[in-house]
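Here is coords_38.cif, consisting of mmCIF, C-alpha atoms:
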```
data_coords
loop_
_atom_site.group_PDB
_atom_site.id
_atom_site.type_symbol
_atom_site.label_atom_id
_atom_site.label_comp_id
_atom_site.auth_asym_id
_atom_site.auth_seq_id
_atom_site.Cartn_x
_atom_site.Cartn_y
_atom_site.Cartn_z
ATOM 1 C CA MET A 1 -16.094 -4.510 -3.755
ATOM 2 C CA GLY A 2 -16.253 -1.937 -0.970
ATOM 3 C CA ALA A 3 -18.605 0.407 -2.839
ATOM 4 C CA SER A 4 -19.300 2.387 0.334
ATOM 5 C CA GLY A 5 -15.654 2.599 1.450
ATOM 6 C CA THR A 6 -13.065 5.301 0.823
ATOM 7 C CA THR A 7 -11.467 3.900 -2.328
ATOM 8 C CA GLY A 8 -14.336 1.768 -3.558
ATOM 9 C CA ASN A 9 -16.772 4.662 -3.482
ATOM 10 C CA ALA A 10 -14.285 6.979 -5.192
ATOM 11 C CA LEU A 11 -13.808 4.343 -7.897
ATOM 12 C CA LEU A 12 -17.565 3.915 -8.279
ATOM 13 C CA HIS A 13 -18.062 7.620 -8.906
ATOM 14 C CA ARG A 14 -15.203 7.732 -11.407
ATOM 15 C CA LEU A 15 -16.492 4.733 -13.360
ATOM 16 C CA LEU A 16 -19.969 6.261 -13.531
ATOM 17 C CA ALA A 17 -18.480 9.551 -14.739
ATOM 18 C CA LEU A 18 -16.722 7.585 -17.488
ATOM 19 C CA GLY A 19 -20.001 5.901 -18.450
ATOM 20 C CA GLU A 20 -18.716 2.439 -17.572
ATOM 21 C CA PRO A 21 -21.164 -0.276 -16.517
ATOM 22 C CA VAL A 22 -20.448 -1.118 -12.898
ATOM 23 C CA ARG A 23 -21.767 -3.511 -10.266
ATOM 24 C CA ALA A 24 -21.472 -1.972 -6.800
ATOM 25 C CA LEU A 25 -21.025 -4.580 -4.069
ATOM 26 C CA THR A 26 -22.046 -3.766 -0.510
ATOM 27 C CA ARG A 27 -23.261 -5.510 2.621
ATOM 28 C CA THR A 28 -26.097 -2.954 2.871
ATOM 29 C CA PRO A 29 -27.643 -2.653 -0.618
ATOM 30 C CA HIS A 30 -30.829 -1.178 0.881
ATOM 31 C CA ARG A 31 -28.933 1.935 2.005
ATOM 32 C CA PRO A 32 -27.892 4.793 -0.304
ATOM 33 C CA LEU A 33 -24.272 4.642 -1.350
ATOM 34 C CA PRO A 34 -22.299 7.776 -0.425
ATOM 35 C CA GLY A 35 -22.886 10.539 -2.957
ATOM 36 C CA LEU A 36 -25.593 8.652 -4.858
ATOM 37 C CA PRO A 37 -29.399 8.508 -4.625
ATOM 38 C CA GLY A 38 -30.969 5.593 -2.800
ATOM 39 C CA PRO A 39 -33.337 3.019 -4.271
ATOM 40 C CA LEU A 40 -35.996 4.574 -6.436
ATOM 41 C CA ASP A 41 -39.054 5.455 -4.351
ATOM 42 C CA GLN A 42 -42.038 4.300 -6.367
ATOM 43 C CA THR A 43 -44.420 6.526 -4.401
ATOM 44 C CA ALA A 44 -42.805 9.848 -5.135
ATOM 45 C CA PRO A 45 -40.697 11.449 -7.866
ATOM 46 C CA ALA A 46 -37.005 10.726 -7.361
ATOM 47 C CA SER A 47 -33.797 10.476 -9.316
ATOM 48 C CA PRO A 48 -33.107 6.831 -10.183
ATOM 49 C CA ARG A 49 -29.681 5.325 -9.903
ATOM 50 C CA PRO A 50 -27.503 5.760 -12.979
ATOM 51 C CA ALA A 51 -28.513 3.289 -15.671
ATOM 52 C CA ALA A 52 -24.970 1.883 -15.866
ATOM 53 C CA MET A 53 -24.925 0.860 -12.188
ATOM 54 C CA GLU A 54 -26.431 -2.076 -10.362
ATOM 55 C CA VAL A 55 -26.131 -2.668 -6.635
ATOM 56 C CA ARG A 56 -25.685 -6.173 -5.251
ATOM 57 C CA TYR A 57 -25.411 -7.605 -1.772
ATOM 58 C CA ALA A 58 -21.986 -9.089 -1.107
ATOM 59 C CA ASP A 59 -20.140 -9.865 2.094
ATOM 60 C CA ALA A 60 -16.503 -10.957 2.032
ATOM 61 C CA ALA A 61 -17.310 -13.416 4.823
ATOM 62 C CA ASP A 62 -20.115 -15.017 2.759
ATOM 63 C CA PRO A 63 -18.773 -17.099 -0.178
ATOM 64 C CA HIS A 64 -22.261 -17.684 -1.593
ATOM 65 C CA SER A 65 -22.863 -13.940 -1.888
ATOM 66 C CA LEU A 66 -19.528 -13.454 -3.661
ATOM 67 C CA ARG A 67 -20.234 -16.244 -6.155
ATOM 68 C CA ALA A 68 -23.535 -14.588 -7.061
ATOM 69 C CA ALA A 69 -22.010 -11.107 -7.187
ATOM 70 C CA PHE A 70 -19.076 -12.104 -9.421
ATOM 71 C CA ARG A 71 -21.230 -14.014 -11.922
ATOM 72 C CA GLY A 72 -21.161 -12.331 -15.337
ATOM 73 C CA ALA A 73 -18.486 -9.769 -14.427
ATOM 74 C CA ASP A 74 -15.110 -9.588 -16.157
ATOM 75 C CA ARG A 75 -13.105 -7.252 -13.895
ATOM 76 C CA LEU A 76 -12.900 -7.046 -10.114
ATOM 77 C CA PHE A 77 -11.787 -4.306 -7.749
ATOM 78 C CA LEU A 78 -10.677 -6.211 -4.655
ATOM 79 C CA THR A 79 -10.605 -4.425 -1.337
ATOM 80 C CA THR A 80 -11.729 -5.392 2.149
ATOM 81 C CA ALA A 81 -11.323 -3.668 5.479
ATOM 82 C CA ASN A 82 -8.033 -4.279 7.236
ATOM 83 C CA GLY A 83 -8.451 -6.768 10.031
ATOM 84 C CA PRO A 84 -7.626 -10.238 11.347
ATOM 85 C CA ALA A 85 -9.796 -12.004 8.717
ATOM 86 C CA GLN A 86 -8.558 -10.022 5.720
ATOM 87 C CA VAL A 87 -6.158 -12.630 4.320
ATOM 88 C CA ALA A 88 -8.773 -15.398 4.457
ATOM 89 C CA TRP A 89 -11.453 -13.180 2.907
ATOM 90 C CA GLU A 90 -9.302 -11.869 0.064
ATOM 91 C CA THR A 91 -7.642 -15.150 -0.884
ATOM 92 C CA ARG A 92 -11.075 -16.755 -1.057
ATOM 93 C CA ALA A 93 -12.353 -13.840 -3.163
ATOM 94 C CA VAL A 94 -9.468 -14.385 -5.592
ATOM 95 C CA ASP A 95 -10.350 -18.078 -5.916
ATOM 96 C CA LEU A 96 -14.047 -17.338 -6.448
ATOM 97 C CA ALA A 97 -13.215 -14.653 -8.999
ATOM 98 C CA ALA A 98 -11.037 -17.105 -10.924
ATOM 99 C CA ASP A 99 -13.870 -19.665 -10.874
ATOM 100 C CA ALA A 100 -16.297 -17.015 -12.136
ATOM 101 C CA GLY A 101 -14.111 -16.178 -15.136
ATOM 102 C CA ILE A 102 -12.924 -12.757 -13.955
ATOM 103 C CA ARG A 103 -10.219 -11.613 -16.386
ATOM 104 C CA HIS A 104 -8.557 -8.816 -14.398
ATOM 105 C CA ILE A 105 -8.285 -8.190 -10.647
ATOM 106 C CA VAL A 106 -7.154 -4.861 -9.225
ATOM 107 C CA LYS A 107 -6.171 -5.353 -5.583
ATOM 108 C CA VAL A 108 -5.633 -2.635 -3.008
ATOM 109 C CA SER A 109 -2.560 -3.597 -1.001
ATOM 110 C CA ALA A 110 -0.178 -1.640 1.230
ATOM 111 C CA PRO A 111 3.389 -0.323 1.252
ATOM 112 C CA ALA A 112 6.015 -2.702 2.606
ATOM 113 C CA ALA A 113 3.916 -5.710 1.582
ATOM 114 C CA GLU A 114 6.739 -8.109 2.379
ATOM 115 C CA PRO A 115 6.886 -11.476 4.162
ATOM 116 C CA ASP A 116 9.030 -10.005 6.953
ATOM 117 C CA SER A 117 7.406 -6.557 7.127
ATOM 118 C CA PRO A 118 7.307 -5.002 10.614
ATOM 119 C CA VAL A 119 3.645 -4.148 9.896
ATOM 120 C CA ALA A 120 1.350 -7.142 10.413
ATOM 121 C CA VAL A 121 -1.283 -5.874 7.958
ATOM 122 C CA SER A 122 1.402 -5.493 5.285
ATOM 123 C CA ARG A 123 2.519 -9.093 5.842
ATOM 124 C CA GLY A 124 -1.082 -10.102 5.251
ATOM 125 C CA HIS A 125 -1.238 -8.111 2.029
ATOM 126 C CA HIS A 126 1.935 -9.839 0.866
ATOM 127 C CA ALA A 127 0.273 -13.216 1.408
ATOM 128 C CA VAL A 128 -2.748 -12.136 -0.653
ATOM 129 C CA GLU A 129 -0.516 -10.734 -3.401
ATOM 130 C CA GLU A 130 1.322 -14.063 -3.608
ATOM 131 C CA HIS A 131 -1.981 -15.928 -3.806
ATOM 132 C CA LEU A 132 -3.124 -13.564 -6.550
ATOM 133 C CA ARG A 133 0.059 -14.158 -8.549
ATOM 134 C CA ALA A 134 -0.427 -17.916 -8.280
ATOM 135 C CA SER A 135 -4.089 -17.734 -9.345
ATOM 136 C CA GLY A 136 -3.348 -17.228 -13.029
ATOM 137 C CA VAL A 137 -5.767 -14.274 -13.223
ATOM 138 C CA PRO A 138 -4.221 -11.120 -14.738
ATOM 139 C CA TYR A 139 -3.876 -8.560 -11.972
ATOM 140 C CA THR A 140 -2.738 -5.111 -10.929
ATOM 141 C CA VAL A 141 -1.668 -4.216 -7.388
ATOM 142 C CA LEU A 142 -2.165 -0.746 -5.915
ATOM 143 C CA ARG A 143 -0.042 0.090 -2.871
ATOM 144 C CA PRO A 144 -1.320 3.387 -1.477
ATOM 145 C CA TYR A 145 0.300 5.022 1.502
ATOM 146 C CA ALA A 146 -1.822 6.401 4.374
ATOM 147 C CA PHE A 147 -5.113 7.873 3.211
ATOM 148 C CA MET A 148 -5.592 11.564 3.894
ATOM 149 C CA GLN A 149 -9.108 10.595 4.967
ATOM 150 C CA ASN A 150 -7.606 8.840 7.998
ATOM 151 C CA LEU A 151 -6.441 12.237 9.259
ATOM 152 C CA LEU A 152 -10.081 12.960 10.088
ATOM 153 C CA ARG A 153 -9.537 10.658 13.079
ATOM 154 C CA LEU A 154 -7.349 13.418 14.516
ATOM 155 C CA ALA A 155 -10.363 15.730 14.871
ATOM 156 C CA PRO A 156 -11.166 14.931 18.540
ATOM 157 C CA GLY A 157 -7.561 15.620 19.543
ATOM 158 C CA VAL A 158 -7.418 18.771 17.421
ATOM 159 C CA ALA A 159 -10.476 20.040 19.309
ATOM 160 C CA HIS A 160 -8.321 19.793 22.451
ATOM 161 C CA GLY A 161 -5.317 21.384 20.747
ATOM 162 C CA ALA A 162 -3.179 18.284 20.238
ATOM 163 C CA VAL A 163 -2.104 15.804 17.567
ATOM 164 C CA LEU A 164 -0.644 12.631 19.079
ATOM 165 C CA GLY A 165 1.934 10.508 17.295
ATOM 166 C CA THR A 166 5.138 8.543 17.531
ATOM 167 C CA THR A 167 6.815 9.689 14.305
ATOM 168 C CA GLY A 168 8.657 12.736 15.627
ATOM 169 C CA ASP A 169 9.938 14.793 12.705
ATOM 170 C CA ALA A 170 9.900 11.874 10.253
ATOM 171 C CA LEU A 171 8.217 12.620 6.950
ATOM 172 C CA VAL A 172 5.072 10.627 6.227
ATOM 173 C CA ASN A 173 3.428 9.953 2.867
ATOM 174 C CA HIS A 174 -0.303 10.468 2.485
ATOM 175 C CA VAL A 175 -2.557 10.050 -0.534
ATOM 176 C CA ASP A 176 -6.120 11.168 -1.171
ATOM 177 C CA GLY A 177 -8.402 8.143 -1.457
ATOM 178 C CA SER A 178 -10.037 9.822 -4.456
ATOM 179 C CA ASP A 179 -6.741 9.597 -6.331
ATOM 180 C CA VAL A 180 -6.526 5.893 -5.515
ATOM 181 C CA GLY A 181 -10.025 5.476 -6.939
ATOM 182 C CA ASP A 182 -9.066 7.395 -10.075
ATOM 183 C CA VAL A 183 -5.968 5.235 -10.597
ATOM 184 C CA ALA A 184 -8.056 2.101 -10.106
ATOM 185 C CA ALA A 185 -10.528 3.330 -12.723
ATOM 186 C CA ALA A 186 -7.695 3.994 -15.149
ATOM 187 C CA VAL A 187 -6.165 0.531 -14.853
ATOM 188 C CA LEU A 188 -9.586 -1.148 -15.001
ATOM 189 C CA THR A 189 -10.662 0.623 -18.180
ATOM 190 C CA ARG A 190 -7.431 0.841 -20.191
ATOM 191 C CA PRO A 191 -5.279 -1.919 -21.686
ATOM 192 C CA GLU A 192 -3.091 -2.924 -18.747
ATOM 193 C CA PRO A 193 0.008 -5.150 -18.736
ATOM 194 C CA ALA A 194 -0.564 -7.931 -16.234
ATOM 195 C CA GLY A 195 1.395 -8.021 -13.012
ATOM 196 C CA ARG A 196 2.121 -4.338 -12.471
ATOM 197 C CA THR A 197 2.396 -2.776 -9.011
ATOM 198 C CA TYR A 198 1.768 0.930 -8.421
ATOM 199 C CA THR A 199 2.934 2.696 -5.242
ATOM 200 C CA LEU A 200 0.667 5.700 -4.688
ATOM 201 C CA THR A 201 1.326 8.884 -2.689
ATOM 202 C CA GLY A 202 0.368 12.515 -2.681
ATOM 203 C CA PRO A 203 2.775 15.197 -3.931
ATOM 204 C CA GLU A 204 4.652 15.646 -0.634
ATOM 205 C CA ALA A 205 5.687 13.811 2.501
ATOM 206 C CA VAL A 206 4.802 15.787 5.635
ATOM 207 C CA SER A 207 5.737 15.379 9.304
ATOM 208 C CA TYR A 208 3.078 15.231 11.989
ATOM 209 C CA PRO A 209 4.395 18.435 13.622
ATOM 210 C CA ASP A 210 3.874 20.096 10.224
ATOM 211 C CA ILE A 211 0.351 18.650 10.007
ATOM 212 C CA ALA A 212 -0.384 20.080 13.455
ATOM 213 C CA ALA A 213 0.894 23.495 12.323
ATOM 214 C CA ARG A 214 -1.287 23.388 9.211
ATOM 215 C CA LEU A 215 -4.325 22.459 11.296
ATOM 216 C CA ALA A 216 -3.598 25.347 13.653
ATOM 217 C CA ALA A 217 -3.457 27.756 10.725
ATOM 218 C CA LEU A 218 -6.619 26.254 9.244
ATOM 219 C CA THR A 219 -8.695 26.385 12.431
ATOM 220 C CA GLY A 220 -7.237 29.561 13.903
ATOM 221 C CA ARG A 221 -6.626 27.737 17.205
ATOM 222 C CA PRO A 222 -3.450 26.393 18.832
ATOM 223 C CA VAL A 223 -2.683 22.804 17.795
ATOM 224 C CA ARG A 224 0.580 21.155 18.838
ATOM 225 C CA TYR A 225 2.169 17.820 18.100
ATOM 226 C CA VAL A 226 2.624 15.621 21.190
ATOM 227 C CA HIS A 227 5.260 12.936 20.765
ATOM 228 C CA LEU A 228 4.680 9.604 22.495
ATOM 229 C CA GLY A 229 6.666 6.403 22.540
ATOM 230 C CA PRO A 230 5.116 3.479 20.619
ATOM 231 C CA ALA A 231 3.817 1.764 23.773
ATOM 232 C CA ALA A 232 2.319 5.007 25.093
ATOM 233 C CA LEU A 233 0.620 5.756 21.776
ATOM 234 C CA ARG A 234 -0.825 2.252 21.658
ATOM 235 C CA ARG A 235 -2.253 2.649 25.177
ATOM 236 C CA GLU A 236 -3.768 5.982 24.209
ATOM 237 C CA LEU A 237 -5.395 4.493 21.115
ATOM 238 C CA VAL A 238 -6.920 1.603 23.069
ATOM 239 C CA ARG A 239 -7.951 3.376 26.265
ATOM 240 C CA ASN A 240 -9.074 6.783 25.024
ATOM 241 C CA ALA A 241 -9.687 6.388 21.284
ATOM 242 C CA GLY A 242 -11.423 3.037 21.691
ATOM 243 C CA LEU A 243 -9.498 1.231 18.943
ATOM 244 C CA PRO A 244 -9.395 -2.569 19.042
ATOM 245 C CA ASP A 245 -6.015 -4.036 19.920
ATOM 246 C CA TRP A 246 -5.144 -5.067 16.359
ATOM 247 C CA LEU A 247 -5.916 -1.592 14.972
ATOM 248 C CA ALA A 248 -3.937 0.156 17.712
ATOM 249 C CA ASP A 249 -1.041 -2.157 16.859
ATOM 250 C CA HIS A 250 -1.433 -1.320 13.162
ATOM 251 C CA VAL A 251 -1.447 2.460 13.657
ATOM 252 C CA THR A 252 1.615 2.227 15.893
ATOM 253 C CA GLU A 253 3.440 -0.076 13.483
ATOM 254 C CA ILE A 254 2.874 2.098 10.413
ATOM 255 C CA GLN A 255 3.984 5.206 12.286
ATOM 256 C CA GLN A 256 7.155 3.437 13.394
ATOM 257 C CA LEU A 257 7.740 2.285 9.815
ATOM 258 C CA ALA A 258 7.927 5.933 8.742
ATOM 259 C CA VAL A 259 10.688 6.431 11.315
ATOM 260 C CA THR A 260 12.745 3.393 10.346
ATOM 261 C CA ARG A 261 12.180 3.701 6.579
ATOM 262 C CA PRO A 262 12.237 7.337 5.440
ATOM 263 C CA GLU A 263 9.306 8.077 3.157
ATOM 264 C CA SER A 264 9.247 10.244 0.052
ATOM 265 C CA PRO A 265 6.548 10.848 -2.564
ATOM 266 C CA THR A 266 6.303 8.950 -5.830
ATOM 267 C CA THR A 267 5.230 10.357 -9.198
ATOM 268 C CA THR A 268 2.978 7.399 -9.996
ATOM 269 C CA VAL A 269 -0.385 9.164 -9.661
ATOM 270 C CA ALA A 270 0.692 11.876 -12.104
ATOM 271 C CA GLU A 271 2.126 9.316 -14.523
ATOM 272 C CA VAL A 272 -1.053 7.219 -14.567
ATOM 273 C CA LEU A 273 -3.588 10.057 -14.571
ATOM 274 C CA GLY A 274 -1.732 12.767 -16.464
ATOM 275 C CA ARG A 275 -2.385 15.308 -13.710
ATOM 276 C CA PRO A 276 -0.855 16.096 -10.314
ATOM 277 C CA PRO A 277 -2.166 14.233 -7.258
ATOM 278 C CA ARG A 278 -4.492 16.040 -4.878
ATOM 279 C CA THR A 279 -2.691 17.954 -2.130
ATOM 280 C CA LEU A 280 -2.874 17.654 1.626
ATOM 281 C CA ASP A 281 -3.675 21.362 1.992
ATOM 282 C CA ALA A 282 -6.627 21.039 -0.377
ATOM 283 C CA PHE A 283 -7.909 18.046 1.600
ATOM 284 C CA LEU A 284 -7.627 19.888 4.923
ATOM 285 C CA ARG A 285 -9.391 22.976 3.528
ATOM 286 C CA ARG A 286 -12.189 20.828 2.115
ATOM 287 C CA ASN A 287 -12.687 19.270 5.542
ATOM 288 C CA ARG A 288 -12.122 22.376 7.665
ATOM 289 C CA ALA A 289 -15.475 22.007 9.431
ATOM 290 C CA ARG A 290 -14.582 18.501 10.587
ATOM 291 C CA PHE A 291 -11.670 19.885 12.606
ATOM 292 C CA GLN A 292 -13.680 22.616 14.318
ATOM 293 C CA PRO A 293 -15.051 21.943 17.834
#
```
As structure tokens - that is how I would like this structure written.
Amino acid sequence: MGASGTTGNALLHRLLALGEPVRALTRTPHRPLPGLPGPLDQTAPASPRPAAMEVRYADAADPHSLRAAFRGADRLFLTTANGPAQVAWETRAVDLAADAGIRHIVKVSAPAAEPDSPVAVSRGHHAVEEHLRASGVPYTVLRPYAFMQNLLRLAPGVAHGAVLGTTGDALVNHVDGSDVGDVAAAVLTRPEPAGRTYTLTGPEAVSYPDIAARLAALTGRPVRYVHLGPAALRRELVRNAGLPDWLADHVTEIQQLAVTRPESPTTTVAEVLGRPPRTLDAFLRRNRARFQP
């Protein structure tokens, strides 16, 4: 699932590189998936999709589409966009996967996936994890910290010389979504003990003032960290960044979590993949143009 999203697309590319047969699920199967050729144009020479890949329509809100998409598969990568309907969508997907005979589900969850978590999205992930455990389907849970890719949302503020946040000097874990995809590929294609949970981070925890300093060095322009209280940051995200209320709440909650629960990197990515995780500096360099005005 999520073949066009950050982790799903990274997983898709890794599975194809490994030569694994894969069914890519997307709500827009007529559009090219990121990094891959589109449907073969019969009127002109073109590179066909890899032979080991098929693309199917599937929408988490459409049970009929999921039933058809899961038929004949034996492993499922379960991820949907965070949002108010996520728990309903994912618990239903688990039930449909069980009915279809899926033998292993790898679910993308979140840190602090606890029933009393201060982060609403994490409470939702906990509910899905509990449903998954009760389903009887062997499973693996991935709990990545904030994706480095989400830092691209800072670009408009960086163009004006500012990074807004409510973390102060607290250290924050980030992880490259490509590493999450690589870990997912590893646990989907290797013998995997059922019921394991992997907490995924990059190699360092970094404060937002430090991120601002690195962006300044990268772009050659002044970039400063501007500290706001949680309520002020939420207003900024809704009024000026255009985020829906639930997403503004989520961003504020996860930033406050880093303040109340000090974060530090794990070694899980290196242990699973046998190589170090991708670094924040490498990610910022690779996306330098995105932070330029």
Using all atoms listed in the file, tabulate the residues of segment 114-209 of chain A lying at most 6 Å from any atom of segment 226-245 of chain A, each with its closest atom pair and that distance in Å to one decimal, by chain and increasing residue number, as a Markdown table.
```
| residue | atom | partner | partner_atom | distance |
| --- | --- | --- | --- | --- |
| A:Val163 | CA | A:Val226 | CA | 6.0 |
| A:Leu164 | CA | A:Val226 | CA | 4.9 |
| A:Gly165 | CA | A:His227 | CA | 5.4 |
| A:Thr166 | CA | A:Leu228 | CA | 5.1 |
```
Could you write out that same residue set with C-alpha atoms as a PDB file, in the frame of the given file?
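The result, written out as selection_14.pdb:
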```pdb
ATOM      1  CA  VAL A 163      -2.104  15.804  17.567  1.00  0.00           C
ATOM      2  CA  LEU A 164      -0.644  12.631  19.079  1.00  0.00           C
ATOM      3  CA  GLY A 165       1.934  10.508  17.295  1.00  0.00           C
ATOM      4  CA  THR A 166       5.138   8.543  17.531  1.00  0.00           C
TER       5      THR A 166
END
```
Could you work out how far atom CA of Thr79 of chain A lies from atom CA of Val272 of chain A, giving the answer in Å with one decimal?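 Result for atom CA of Val272 of chain A versus atom CA of Thr79 of chain A: 20.0 Å, one decimal.
Considering only C-alpha atoms, the residue among A:Leu18, A:Leu76, A:Leu273, A:Val183 positioned nearest to Ala3 of chain A is A:Leu76.
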Applying the PyMOL selection byres ((chain A and resi 269) around 10) to the file I just gave you, which residues come out? Please list them as a JSON list (two decimals) with C-alpha atoms, in the coordinates of the input.
```
[["chain", "number", "residue", "atom", "x", "y", "z"],
["A", 175, "VAL", "CA", -2.56, 10.05, -0.53],
["A", 179, "ASP", "CA", -6.74, 9.60, -6.33],
["A", 180, "VAL", "CA", -6.53, 5.89, -5.52],
["A", 182, "ASP", "CA", -9.07, 7.40, -10.07],
["A", 183, "VAL", "CA", -5.97, 5.24, -10.60],
["A", 198, "TYR", "CA", 1.77, 0.93, -8.42],
["A", 199, "THR", "CA", 2.93, 2.70, -5.24],
["A", 200, "LEU", "CA", 0.67, 5.70, -4.69],
["A", 201, "THR", "CA", 1.33, 8.88, -2.69],
["A", 202, "GLY", "CA", 0.37, 12.52, -2.68],
["A", 203, "PRO", "CA", 2.78, 15.20, -3.93],
["A", 266, "THR", "CA", 6.30, 8.95, -5.83],
["A", 267, "THR", "CA", 5.23, 10.36, -9.20],
["A", 268, "THR", "CA", 2.98, 7.40, -10.00],
["A", 270, "ALA", "CA", 0.69, 11.88, -12.10],
["A", 271, "GLU", "CA", 2.13, 9.32, -14.52],
["A", 272, "VAL", "CA", -1.05, 7.22, -14.57],
["A", 273, "LEU", "CA", -3.59, 10.06, -14.57],
["A", 274, "GLY", "CA", -1.73, 12.77, -16.46],
["A", 275, "ARG", "CA", -2.38, 15.31, -13.71],
["A", 276, "PRO", "CA", -0.86, 16.10, -10.31],
["A", 277, "PRO", "CA", -2.17, 14.23, -7.26],
["A", 278, "ARG", "CA", -4.49, 16.04, -4.88]]
```
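On the file presented, the PyMOL selection byres ((chain A and resi 87) around 8) picks out Pro84, Ala85, Gln86, Ala88, Trp89, Glu90, Thr91, Gly124, His125, Ala127 and Val128 of chain A.
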The distance between atom CA of Val106 of chain A and atom CA of Leu142 of chain A is 7.3 Å
Could you spell out the hits of the PyMOL selection byres ((chain A and resi 257) around 10) on the shown file, as an NGL selection string? :A and (111-112 or 117-119 or 167 or 170 or 172 or 251-256 or 258-263)
Around all the atoms of segment 212-215 of chain A listed in the file, draw an axis-aligned box and extend it by 6 Å on each of the six sides; I want its centre and edge lengths in Å to one decimal, as JSON.
```
{"center_x": -1.7, "center_y": 21.8, "center_z": 11.3, "size_x": 17.2, "size_y": 15.4, "size_z": 16.2}
```
Suppose you want the space between atom CA of Arg103 of chain A and atom CA of Ala68 of chain A; what is it in Å? 16.5 Å
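Each of A:Ala60, A:Leu188, A:Val55, A:Ala98 was compared to Ala24 of chain A using only C-alpha atoms, and A:Val55 turns out to be the nearest.
Closest approach to Gly72 of chain A from the set A:Phe147, A:Ala93, A:Val22, A:Glu204 is made by A:Val22, with distances taken over only C-alpha atoms.
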Mind checking which residues fall within 9 Å of Asp169 of chain A, counting only C-alpha atoms, ignoring those fewer than 3 positions away in the same chain, and posting them as a VMD selection string? chain A and resid 206 to 210 259
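Checking A:Phe70, A:Phe283, A:Tyr225, A:Phe77 one by one against Gly8 of chain A, counting all atoms listed in the file, you find the shortest gap at A:Phe77.
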Using only C-alpha atoms, give me every residue within 6 Å of (-15.8, -18.6, 1.5) in file coordinates, as a PyMOL selection string. chain A and resi 62-63+92
Give me the residues within 10 Å of Ala289 of chain A as a PyMOL selection string, counting all atoms listed in the file and dropping any in the same chain fewer than 6 places off. chain A and resi 155+218-219
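Counting all atoms listed in the file and comparing A:Arg27, A:His174, A:Arg196, A:Arg14, the residue that lies closest to Thr279 of chain A is A:His174.
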Extract, using all atoms listed in the file, all DNA, RNA and protein residues at most 12 Å from Ser4 of chain A, discarding same-chain residues fewer than 4 positions from it, and format them as a CSV table (one decimal) with C-alpha atoms, in the coordinates of the input.
```
chain,number,residue,atom,x,y,z
A,8,GLY,CA,-14.3,1.8,-3.6
A,9,ASN,CA,-16.8,4.7,-3.5
A,10,ALA,CA,-14.3,7.0,-5.2
A,11,LEU,CA,-13.8,4.3,-7.9
A,12,LEU,CA,-17.6,3.9,-8.3
A,13,HIS,CA,-18.1,7.6,-8.9
A,24,ALA,CA,-21.5,-2.0,-6.8
A,25,LEU,CA,-21.0,-4.6,-4.1
A,26,THR,CA,-22.0,-3.8,-0.5
A,27,ARG,CA,-23.3,-5.5,2.6
A,28,THR,CA,-26.1,-3.0,2.9
A,29,PRO,CA,-27.6,-2.7,-0.6
A,31,ARG,CA,-28.9,1.9,2.0
A,32,PRO,CA,-27.9,4.8,-0.3
A,33,LEU,CA,-24.3,4.6,-1.4
A,34,PRO,CA,-22.3,7.8,-0.4
A,35,GLY,CA,-22.9,10.5,-3.0
A,36,LEU,CA,-25.6,8.7,-4.9
A,55,VAL,CA,-26.1,-2.7,-6.6
A,57,TYR,CA,-25.4,-7.6,-1.8
A,58,ALA,CA,-22.0,-9.1,-1.1
A,79,THR,CA,-10.6,-4.4,-1.3
A,80,THR,CA,-11.7,-5.4,2.1
A,81,ALA,CA,-11.3,-3.7,5.5
```
